[in-house]
>>> print(open('run-v2.txt').read())   # compact mmCIF, C-alpha atoms
# COMPACT_ATOMS: atom_id res chain seq x y z
CA MET A 1 -45.71 14.67 17.79
CA ARG A 2 -47.15 12.53 20.55
CA VAL A 3 -44.49 10.34 22.21
CA GLU A 4 -45.37 7.29 24.28
CA VAL A 5 -42.86 5.39 26.38
CA ASN A 6 -43.93 2.01 27.78
CA PRO A 7 -41.54 0.26 30.20
CA VAL A 8 -40.70 -3.41 29.49
CA ASP A 9 -38.98 -6.07 31.60
CA SER A 10 -35.95 -6.91 29.45
CA TYR A 11 -33.73 -5.42 26.75
CA ASP A 12 -34.96 -8.10 24.31
CA GLN A 13 -38.42 -6.60 24.44
CA GLU A 14 -37.23 -3.08 23.67
CA ARG A 15 -38.50 -1.72 20.34
CA ALA A 16 -39.52 1.56 18.73
CA GLU A 17 -42.30 2.11 16.25
CA ILE A 18 -42.56 5.46 14.52
CA TYR A 19 -45.72 6.63 12.76
CA VAL A 20 -44.99 9.60 10.52
CA VAL A 21 -46.41 11.27 7.41
CA LYS A 22 -42.92 11.88 6.06
CA VAL A 23 -39.40 10.91 7.16
CA THR A 24 -37.87 14.32 7.80
CA GLN A 25 -34.21 14.98 8.68
CA ASP A 26 -35.06 15.05 12.39
CA ILE A 27 -36.97 11.78 12.16
CA GLN A 28 -34.12 10.18 10.22
CA SER A 29 -31.71 11.38 12.90
CA ALA A 30 -33.91 9.76 15.57
CA ILE A 31 -34.06 6.53 13.53
CA ASP A 32 -30.25 6.55 13.16
CA THR A 33 -29.87 7.17 16.86
CA LEU A 34 -32.12 4.23 17.77
CA ASP A 35 -30.78 1.99 15.03
CA ASN A 36 -27.07 2.54 15.66
CA ASN A 37 -27.29 3.00 19.39
CA CYS A 38 -25.94 6.43 18.56
CA ARG A 39 -25.35 9.08 21.19
CA VAL A 40 -23.99 12.56 21.21
CA ILE A 41 -21.18 14.10 23.20
CA SER A 42 -20.26 17.69 23.78
CA VAL A 43 -17.07 18.89 22.09
CA PHE A 44 -15.23 22.19 21.89
CA ASP A 45 -14.14 23.96 18.76
CA LYS A 46 -11.94 26.84 19.98
CA GLU A 47 -14.43 28.69 22.19
CA LYS A 48 -17.65 27.15 20.87
CA THR A 49 -19.31 24.15 22.45
CA LEU A 50 -20.85 21.81 19.92
CA ILE A 51 -22.81 18.58 19.96
CA CYS A 52 -21.15 15.77 18.03
CA ARG A 53 -22.90 12.55 17.06
CA THR A 54 -20.81 9.57 18.07
CA ASP A 55 -21.48 7.79 14.79
CA LYS A 56 -19.58 10.61 13.03
CA ILE A 57 -16.50 10.11 15.20
CA TYR A 58 -13.52 8.23 13.78
CA TYR A 59 -11.34 8.15 16.88
CA PHE A 60 -10.43 9.79 20.17
CA GLU A 61 -6.86 10.57 21.08
CA SER A 62 -5.36 11.66 24.37
CA ILE A 63 -2.38 14.02 24.07
CA ASP A 64 -0.86 15.77 27.10
CA LYS A 65 -3.92 15.05 29.29
CA ARG A 66 -6.27 16.54 26.68
CA THR A 67 -8.71 14.45 24.70
CA TYR A 68 -9.22 15.15 21.02
CA VAL A 69 -12.12 13.96 18.88
CA TYR A 70 -11.48 13.25 15.20
CA THR A 71 -14.27 13.09 12.64
CA LYS A 72 -13.84 12.58 8.89
CA ASP A 73 -12.04 15.88 8.37
CA GLU A 74 -12.39 17.82 11.62
CA CYS A 75 -10.78 17.79 15.04
CA PHE A 76 -12.40 18.91 18.29
CA GLU A 77 -11.58 18.71 21.96
CA THR A 78 -13.72 17.12 24.65
CA LYS A 79 -13.74 17.30 28.45
CA TYR A 80 -14.06 13.52 28.79
CA ARG A 81 -11.07 11.30 29.61
CA LEU A 82 -10.59 8.12 27.58
CA TYR A 83 -11.66 5.85 30.46
CA GLU A 84 -14.90 7.85 30.79
CA LEU A 85 -15.54 7.58 27.06
CA GLU A 86 -15.02 3.81 27.20
CA GLU A 87 -17.99 3.59 29.59
CA LEU A 88 -20.06 6.13 27.70
CA LEU A 89 -19.67 4.76 24.18
CA ASN A 90 -21.14 1.66 22.56
CA GLN A 91 -19.41 -1.61 21.69
CA PHE A 92 -18.17 -0.27 18.34
CA PHE A 93 -15.65 1.96 20.10
CA LEU A 94 -12.50 0.05 20.88
CA ARG A 95 -9.49 1.06 22.99
CA SER A 96 -6.77 0.57 20.38
CA SER A 97 -3.81 1.80 22.44
CA LYS A 98 -3.16 3.56 25.76
CA ALA A 99 -3.92 6.91 24.16
CA MET A 100 -6.59 6.08 21.60
CA ILE A 101 -10.16 4.83 21.15
CA VAL A 102 -11.23 4.00 17.60
CA ASN A 103 -14.65 3.54 16.02
CA ILE A 104 -14.51 0.03 14.52
CA ARG A 105 -17.18 0.99 11.96
CA LYS A 106 -14.78 3.55 10.48
CA ILE A 107 -12.00 1.03 9.86
CA LYS A 108 -11.49 0.29 6.17
CA SER A 109 -8.99 -2.52 6.69
CA VAL A 110 -6.32 -3.79 9.06
CA LYS A 111 -2.79 -4.95 8.36
CA ALA A 112 -0.85 -7.19 10.74
CA GLU A 113 2.75 -6.38 11.66
CA PHE A 114 5.64 -8.54 12.88
CA ASN A 115 5.39 -7.44 16.51
CA GLY A 116 1.77 -8.51 16.89
CA ARG A 117 0.25 -5.07 16.56
CA MET A 118 -1.97 -4.02 13.65
CA THR A 119 -2.22 -0.92 11.51
CA ALA A 120 -5.79 0.10 10.73
CA GLU A 121 -6.59 2.22 7.69
CA LEU A 122 -9.64 4.37 8.38
CA LEU A 123 -12.30 5.41 5.87
CA ASN A 124 -10.78 8.92 5.68
CA GLY A 125 -7.39 7.48 4.70
CA GLU A 126 -5.70 7.97 8.08
CA ASN A 127 -3.70 5.13 9.62
CA ILE A 128 -3.81 4.29 13.32
CA VAL A 129 -2.11 1.60 15.39
CA ILE A 130 -3.95 -1.15 17.26
CA ALA A 131 -1.55 -2.32 19.98
CA ARG A 132 -0.94 -6.04 20.38
CA SER A 133 -2.67 -6.15 23.75
CA TYR A 134 -5.90 -4.74 22.26
CA VAL A 135 -6.05 -6.99 19.16
CA LYS A 136 -7.62 -9.73 21.29
CA ASP A 137 -10.37 -7.32 22.36
CA LEU A 138 -10.99 -6.34 18.73
CA LYS A 139 -11.41 -9.99 17.77
CA GLU A 140 -13.83 -10.58 20.64
CA ARG A 141 -15.94 -7.56 19.66
CA LEU A 142 -16.11 -8.82 16.09
CA GLY A 143 -17.15 -12.25 17.32
CA ILE A 144 -14.01 -13.99 16.05
CA MET B 145 2.86 -8.88 34.64
CA ASN B 146 2.21 -9.04 30.90
CA LYS B 147 5.95 -9.18 30.13
CA ILE B 148 6.45 -12.01 32.67
CA LYS B 149 3.68 -13.93 30.89
CA ILE B 150 5.38 -13.38 27.51
CA LEU B 151 8.75 -14.47 28.97
CA PHE B 152 7.15 -17.62 30.38
CA ASN B 153 5.38 -18.47 27.10
CA GLN B 154 8.50 -17.79 25.05
CA THR B 155 10.64 -19.94 27.39
CA LEU B 156 8.19 -22.83 27.00
CA MET B 157 7.99 -22.38 23.23
CA ILE B 158 11.76 -22.19 22.66
CA SER B 159 12.48 -25.13 25.03
CA THR B 160 9.91 -27.21 23.14
CA ALA B 161 11.43 -26.13 19.81
CA ILE B 162 14.91 -27.21 21.00
CA LEU B 163 13.54 -30.61 22.12
CA PHE B 164 11.75 -30.91 18.76
CA GLY B 165 15.07 -30.18 17.00
CA VAL B 166 16.84 -32.84 19.07
CA GLY B 167 14.00 -35.23 18.22
CA ILE B 168 14.44 -34.62 14.48
CA GLN B 169 18.21 -35.03 14.85
CA MET B 170 17.71 -38.39 16.57
CA LEU B 171 15.23 -39.46 13.89
CA ILE B 172 17.87 -38.76 11.24
CA CYS B 173 20.48 -40.64 13.32
CA HIS B 174 18.12 -43.61 13.66
CA PHE B 175 17.44 -43.97 9.94
CA PHE B 176 20.78 -42.95 8.44
CA LYS B 177 23.42 -43.74 11.06
CA ASN B 178 21.82 -46.62 13.01
CA ASP B 179 22.47 -44.62 16.17
CA ASP B 180 19.54 -45.25 18.51
CA MET B 181 20.86 -44.02 21.84
CA LEU B 182 20.91 -40.51 23.22
CA THR B 183 22.71 -40.01 26.52
CA TRP B 184 22.65 -36.69 28.32
CA PRO B 185 24.54 -35.49 31.39
CA TRP B 186 22.24 -34.58 34.33
CA TYR B 187 22.26 -30.82 33.61
CA VAL B 188 21.28 -30.86 29.93
CA PRO B 189 17.45 -30.79 30.34
CA LEU B 190 17.75 -27.82 32.69
CA SER B 191 20.25 -26.13 30.37
CA ILE B 192 17.65 -26.37 27.58
CA VAL B 193 15.11 -24.54 29.75
CA LEU B 194 17.74 -21.95 30.71
CA ALA B 195 18.63 -21.46 27.03
CA GLY B 196 14.90 -21.06 26.30
CA PHE B 197 14.65 -18.36 28.95
CA LEU B 198 17.77 -16.50 27.75
CA CYS B 199 16.54 -16.65 24.13
CA SER B 200 13.18 -15.21 25.18
CA LEU B 201 14.84 -12.04 26.56
CA PRO B 202 15.81 -10.55 23.15
CA THR B 203 12.30 -11.36 21.86
CA VAL B 204 10.66 -9.40 24.68
CA LEU B 205 13.18 -6.54 24.51
CA LEU B 206 13.38 -6.14 20.73
CA ILE B 207 10.23 -7.48 19.09
CA TYR B 208 7.19 -7.34 21.37
CA ASP B 209 5.57 -3.95 21.82
CA ALA B 210 8.22 -2.39 19.58
CA GLU B 211 6.95 0.99 18.40
CA VAL B 212 8.76 0.71 15.09
CA ALA B 213 7.75 -0.60 11.69
CA GLY B 214 9.13 -1.22 8.19
CA LYS B 215 12.91 -1.15 7.73
CA ARG B 216 13.62 -0.39 11.40
CA MET B 217 11.62 -3.46 12.37
CA MET B 218 13.59 -5.57 9.88
CA VAL B 219 16.84 -4.30 11.45
CA ARG B 220 15.51 -5.32 14.88
CA ILE B 221 14.64 -8.79 13.57
CA ALA B 222 18.15 -9.14 12.11
CA ILE B 223 19.68 -8.13 15.48
CA HIS B 224 17.29 -10.55 17.21
CA PHE B 225 18.36 -13.39 14.88
CA VAL B 226 22.06 -12.78 15.61
CA LEU B 227 21.52 -12.35 19.38
CA VAL B 228 19.43 -15.50 19.78
CA GLY B 229 21.96 -17.41 17.64
CA ALA B 230 24.77 -16.13 19.88
CA ILE B 231 22.86 -17.20 23.02
CA VAL B 232 22.27 -20.71 21.58
CA SER B 233 25.95 -20.99 20.63
CA LEU B 234 27.11 -19.74 24.03
CA CYS B 235 24.76 -22.07 25.93
CA GLY B 236 25.90 -24.94 23.69
CA TYR B 237 29.54 -24.12 24.45
CA LEU B 238 29.03 -23.72 28.21
CA PHE B 239 26.83 -26.80 28.62
CA LYS B 240 28.88 -28.92 26.22
CA TRP B 241 26.10 -29.55 23.69
CA TYR B 242 28.92 -29.58 21.16
CA GLU B 243 32.69 -29.93 21.36
CA THR B 244 33.81 -29.90 17.75
CA LEU B 245 32.81 -27.90 14.66
CA ASP B 246 31.16 -31.05 13.24
CA GLU B 247 28.88 -31.16 16.29
CA TYR B 248 28.28 -27.39 16.21
CA LEU B 249 27.12 -27.24 12.57
CA PRO B 250 23.94 -29.37 13.05
CA ILE B 251 23.01 -27.17 16.05
CA LEU B 252 23.47 -24.03 13.94
CA ILE B 253 21.39 -25.49 11.07
CA MET B 254 18.73 -26.60 13.55
CA TYR B 255 18.62 -23.07 14.98
CA VAL B 256 18.18 -21.44 11.55
CA VAL B 257 15.44 -23.93 10.56
CA ILE B 258 13.55 -23.47 13.85
CA TYR B 259 13.92 -19.67 13.65
CA LEU B 260 12.55 -19.55 10.11
CA PHE B 261 9.79 -22.04 10.97
CA VAL B 262 8.65 -20.00 14.00
CA TRP B 263 8.51 -16.77 11.94
CA ALA B 264 6.72 -18.51 9.08
CA ALA B 265 4.16 -20.07 11.48
CA THR B 266 3.67 -16.76 13.31
CA GLY B 267 3.29 -14.93 9.98
CA TRP B 268 0.76 -17.45 8.72
CA LEU B 269 -1.32 -17.22 11.93
CA THR B 270 -1.17 -13.42 11.90
CA LYS B 271 -2.21 -13.20 8.24
CA SER B 272 -5.10 -15.56 8.86
CA ASP B 273 -6.20 -13.34 11.77
CA GLU B 274 -5.88 -10.29 9.52
CA LYS B 275 -8.15 -11.88 6.89
CA ARG B 276 -10.80 -12.84 9.47
CA ILE B 277 -10.78 -9.38 11.03
CA ASN B 278 -11.08 -7.67 7.63
CA ALA B 279 -14.00 -9.93 6.67
CA ALA B 280 -15.78 -9.18 9.98
CA ILE B 281 -15.14 -5.43 9.67
CA GLU B 282 -16.63 -5.41 6.17
CA ASP B 283 -19.97 -6.54 7.62
CA ILE B 284 -20.28 -3.63 10.06
CA ARG B 285 -18.39 -0.89 8.21
CA ASP B 286 -20.14 2.46 7.74
CA GLN B 287 -20.80 3.69 4.21
CA GLU B 288 -19.13 7.06 3.66
>>> encode(input="run-v2.txt", output="structure tokens")
Amino acid sequence: MRVEVNPVDSYDQERAEIYVVKVTQDIQSAIDTLDNNCRVISVFDKEKTLICRTDKIYYFESIDKRTYVYTKDECFETKYRLYELEELLNQFFLRSSKAMIVNIRKIKSVKAEFNGRMTAELLNGENIVIARSYVKDLKERLGI
Amino acid sequence: MNKIKILFNQTLMISTAILFGVGIQMLICHFFKNDDMLTWPWYVPLSIVLAGFLCSLPTVLLIYDAEVAGKRMMVRIAIHFVLVGAIVSLCGYLFKWYETLDEYLPILIMYVVIYLFVWAATGWLTKSDEKRINAAIEDIRDQE
């Protein structure tokens, strides 16, 4: 496929037009990537290094200086620290506590608690805590 | 720094709540006892601020950032209620807000009403936040 990239002056002018005979899996993946501002990160599964799409990630958790990546039903490890991931990921990834970054798009619902923190139920049924100090950030990202 | 900010906010809130309680008490006195004058010794306004500060300590230590939920949180709230009540009673005794049981009872009732009101108001605000966040999340949630 011929690919043309034309520089523009501002982000507002950025757009992608795709001319294809058929939307294959690869094309759909490219569309998803452009549409969702999706990226990939490298993760480890035991000794294998894999590529994981960020839109498949539910949350990141730091335990004993190691960072774990949780998808719907799998867990991997990554070399990145949480502060590096915060810079790398898009606005849908929120620091929810000192040791966790959650994908807002994977939150099914939130429930407020007495102490100001919130419990978020994820689409895979897991529950995570959004600390009181990060609730304000969540509201800002959601435009509330 | 964050805890100092919470202490400051709590001190202001509790001091205002005590003044509000005194205001309501005077309103009742005005309409039902024809008692229109309130005279305070020089130290009473400062003692209200000090009581506000002392009452804010259990809130910061027991409620904010507490990593507990459910029944354990309810136990903490019960301890908080008793502790704050004890601080109000002690401050009242030391600063001569009351001298007889007849004078102490209105203070105790005022404390319970303010305590319940603050929790009810906080709960209402938190639930309204919860609803707004859930509505905003629904718009961006992934389909799985």
>>> residues_around(input="run-v2.txt", residues="Asp273 in chain B", least_positions_apart="2", cutoff="12 Å", atoms="all atoms listed in the file", output="VMD selection string")
(chain A and resid 110 to 113 116 to 118 135 to 136 138 to 139 142 144) or (chain B and resid 266 to 271 275 to 280)
>>> residues_around(input="run-v2.txt", residues="range 145-157 of chain B", least_positions_apart="2", cutoff="6 Å", atoms="all atoms listed in the file", output="VMD selection string")
chain B and resid 159 to 160 196 to 197 200
>>> interface_residues(input="run-v2.txt", of="chain B", to="chain A", cutoff="6 Å", atoms="only C-alpha atoms", output="NGL selection string")
:B and (207-208 or 278 or 284-286)
>>> closest_residue(input="run-v2.txt", among="A:Val40, A:Met100, A:Ile31, A:Cys52", to="Arg66 in chain A", atoms="only C-alpha atoms")
A:Met100
>>> residues_around(input="run-v2.txt", residues="Leu234 in chain B", least_positions_apart="3", cutoff="12 Å", atoms="all atoms listed in the file", output="list of chain:residue names")
B:Ser191, B:Leu194, B:Ala195, B:Leu198, B:Cys199, B:Leu227, B:Val228, B:Gly229, B:Ala230, B:Ile231, B:Tyr237, B:Leu238, B:Phe239, B:Lys240, B:Trp241, B:Tyr242, B:Glu243, B:Tyr248, B:Ile251, B:Leu252
>>> residues_around(input="run-v2.txt", residues="range 169-171 of chain B", least_positions_apart="3", cutoff="9 Å", atoms="only C-alpha atoms", output="list in words")
Phe164, Gly165, Val166, His174, Phe175, Phe176, Asp179, Asp180, Met181, Leu182, Pro250 and Met254 of chain B
>>> write_last_selection(input="run-v2.txt", atoms="C-alpha atoms", output="PDB file, in the frame of the given file")
ATOM      1  CA  PHE B 164      11.750 -30.910  18.760  1.00  0.00           C
ATOM      2  CA  GLY B 165      15.070 -30.180  17.000  1.00  0.00           C
ATOM      3  CA  VAL B 166      16.840 -32.840  19.070  1.00  0.00           C
ATOM      4  CA  HIS B 174      18.120 -43.610  13.660  1.00  0.00           C
ATOM      5  CA  PHE B 175      17.440 -43.970   9.940  1.00  0.00           C
ATOM      6  CA  PHE B 176      20.780 -42.950   8.440  1.00  0.00           C
ATOM      7  CA  ASP B 179      22.470 -44.620  16.170  1.00  0.00           C
ATOM      8  CA  ASP B 180      19.540 -45.250  18.510  1.00  0.00           C
ATOM      9  CA  MET B 181      20.860 -44.020  21.840  1.00  0.00           C
ATOM     10  CA  LEU B 182      20.910 -40.510  23.220  1.00  0.00           C
ATOM     11  CA  PRO B 250      23.940 -29.370  13.050  1.00  0.00           C
ATOM     12  CA  MET B 254      18.730 -26.600  13.550  1.00  0.00           C
TER      13      MET B 254
END
>>> atom_distance(input="run-v2.txt", atom1="CA of Val204 in chain B", atom2="CA of Ile128 in chain A")
22.9 Å
>>> atom_distance(input="run-v2.txt", atom1="CA of Leu163 in chain B", atom2="CA of Val188 in chain B")
11.0 Å
>>> axis_aligned_box(input="run-v2.txt", around="range 245-251 of chain B", padding_each_side="8 Å", output="lines of an AutoDock Vina configuration file")
center_x = 27.9
center_y = -29.2
center_z = 14.4
size_x = 25.8
size_y = 20.0
size_z = 19.7
>>> decode(input="run-v2.txt", residues="range 4-86 of chain A", atoms="C-alpha atoms", output="mmCIF file, in the first residue's frame")
data_model
loop_
_atom_site.group_PDB
_atom_site.id
_atom_site.type_symbol
_atom_site.label_atom_id
_atom_site.label_comp_id
_atom_site.auth_asym_id
_atom_site.auth_seq_id
_atom_site.Cartn_x
_atom_site.Cartn_y
_atom_site.Cartn_z
ATOM 1 C CA GLU A 4 1.657 9.477 2.084
ATOM 2 C CA VAL A 5 2.421 11.700 5.051
ATOM 3 C CA ASN A 6 1.847 15.442 4.630
ATOM 4 C CA PRO A 7 2.967 17.735 7.485
ATOM 5 C CA VAL A 8 0.425 20.296 8.764
ATOM 6 C CA ASP A 9 0.802 23.304 11.066
ATOM 7 C CA SER A 10 -1.504 22.368 13.948
ATOM 8 C CA TYR A 11 -3.054 19.335 15.635
ATOM 9 C CA ASP A 12 -6.523 20.550 14.551
ATOM 10 C CA GLN A 13 -5.580 19.973 10.951
ATOM 11 C CA GLU A 14 -4.405 16.409 11.531
ATOM 12 C CA ARG A 15 -6.514 13.786 9.732
ATOM 13 C CA ALA A 16 -6.147 10.396 8.089
ATOM 14 C CA GLU A 17 -7.937 9.142 5.011
ATOM 15 C CA ILE A 18 -7.646 5.493 4.095
ATOM 16 C CA TYR A 19 -8.493 4.170 0.636
ATOM 17 C CA VAL A 20 -8.850 0.394 0.686
ATOM 18 C CA VAL A 21 -10.609 -2.351 -1.271
ATOM 19 C CA LYS A 22 -11.482 -4.176 1.929
ATOM 20 C CA VAL A 23 -11.100 -3.426 5.654
ATOM 21 C CA THR A 24 -8.786 -6.231 6.734
ATOM 22 C CA GLN A 25 -7.743 -6.984 10.325
ATOM 23 C CA ASP A 26 -4.532 -4.984 9.868
ATOM 24 C CA ILE A 27 -6.421 -2.015 8.442
ATOM 25 C CA GLN A 28 -8.951 -2.183 11.273
ATOM 26 C CA SER A 29 -6.062 -2.238 13.749
ATOM 27 C CA ALA A 30 -4.611 0.886 12.095
ATOM 28 C CA ILE A 31 -8.045 2.576 12.207
ATOM 29 C CA ASP A 32 -8.400 1.689 15.905
ATOM 30 C CA THR A 33 -4.928 3.008 16.576
ATOM 31 C CA LEU A 34 -5.668 6.339 14.881
ATOM 32 C CA ASP A 35 -9.186 6.578 16.248
ATOM 33 C CA ASN A 36 -8.412 5.778 19.879
ATOM 34 C CA ASN A 37 -4.993 7.349 19.987
ATOM 35 C CA CYS A 38 -3.923 3.801 20.732
ATOM 36 C CA ARG A 39 -0.300 2.822 21.197
ATOM 37 C CA VAL A 40 1.525 -0.330 22.038
ATOM 38 C CA ILE A 41 3.986 -1.097 24.785
ATOM 39 C CA SER A 42 6.355 -3.976 25.240
ATOM 40 C CA VAL A 43 5.507 -6.417 28.021
ATOM 41 C CA PHE A 44 7.038 -9.619 29.333
ATOM 42 C CA ASP A 45 5.284 -12.910 29.828
ATOM 43 C CA LYS A 46 7.809 -15.090 31.699
ATOM 44 C CA GLU A 47 10.688 -15.059 29.211
ATOM 45 C CA LYS A 48 8.804 -13.877 26.136
ATOM 46 C CA THR A 49 8.596 -10.244 25.095
ATOM 47 C CA LEU A 50 5.241 -9.313 23.659
ATOM 48 C CA ILE A 51 3.602 -6.232 22.200
ATOM 49 C CA CYS A 52 0.467 -5.165 24.042
ATOM 50 C CA ARG A 53 -2.028 -2.649 22.676
ATOM 51 C CA THR A 54 -2.753 0.003 25.274
ATOM 52 C CA ASP A 55 -6.476 -0.071 24.535
ATOM 53 C CA LYS A 56 -6.514 -3.681 25.806
ATOM 54 C CA ILE A 57 -4.972 -2.691 29.141
ATOM 55 C CA TYR A 58 -7.210 -2.377 32.193
ATOM 56 C CA TYR A 59 -4.642 -1.098 34.671
ATOM 57 C CA PHE A 60 -0.991 -0.952 35.675
ATOM 58 C CA GLU A 61 0.148 -1.769 39.173
ATOM 59 C CA SER A 62 3.505 -1.263 40.827
ATOM 60 C CA ILE A 63 4.443 -3.929 43.385
ATOM 61 C CA ASP A 64 7.920 -4.102 44.946
ATOM 62 C CA LYS A 65 9.449 -1.836 42.268
ATOM 63 C CA ARG A 66 8.038 -4.010 39.473
ATOM 64 C CA THR A 67 5.288 -2.833 37.168
ATOM 65 C CA TYR A 68 2.528 -5.231 36.179
ATOM 66 C CA VAL A 69 0.121 -4.815 33.276
ATOM 67 C CA TYR A 70 -3.391 -6.221 33.621
ATOM 68 C CA THR A 71 -5.623 -6.905 30.637
ATOM 69 C CA LYS A 72 -9.086 -8.478 30.742
ATOM 70 C CA ASP A 73 -7.821 -11.833 31.980
ATOM 71 C CA GLU A 74 -4.032 -11.735 31.698
ATOM 72 C CA CYS A 75 -1.161 -10.235 33.642
ATOM 73 C CA PHE A 76 2.215 -9.223 32.225
ATOM 74 C CA GLU A 77 5.224 -7.312 33.441
ATOM 75 C CA THR A 78 6.717 -4.214 31.840
ATOM 76 C CA LYS A 79 10.039 -2.404 32.195
ATOM 77 C CA TYR A 80 8.355 0.997 32.465
ATOM 78 C CA ARG A 81 7.849 2.754 35.809
ATOM 79 C CA LEU A 82 4.447 4.288 36.526
ATOM 80 C CA TYR A 83 5.722 7.862 36.109
ATOM 81 C CA GLU A 84 7.095 6.932 32.666
ATOM 82 C CA LEU A 85 3.787 5.352 31.684
ATOM 83 C CA GLU A 86 1.929 8.498 32.756
#
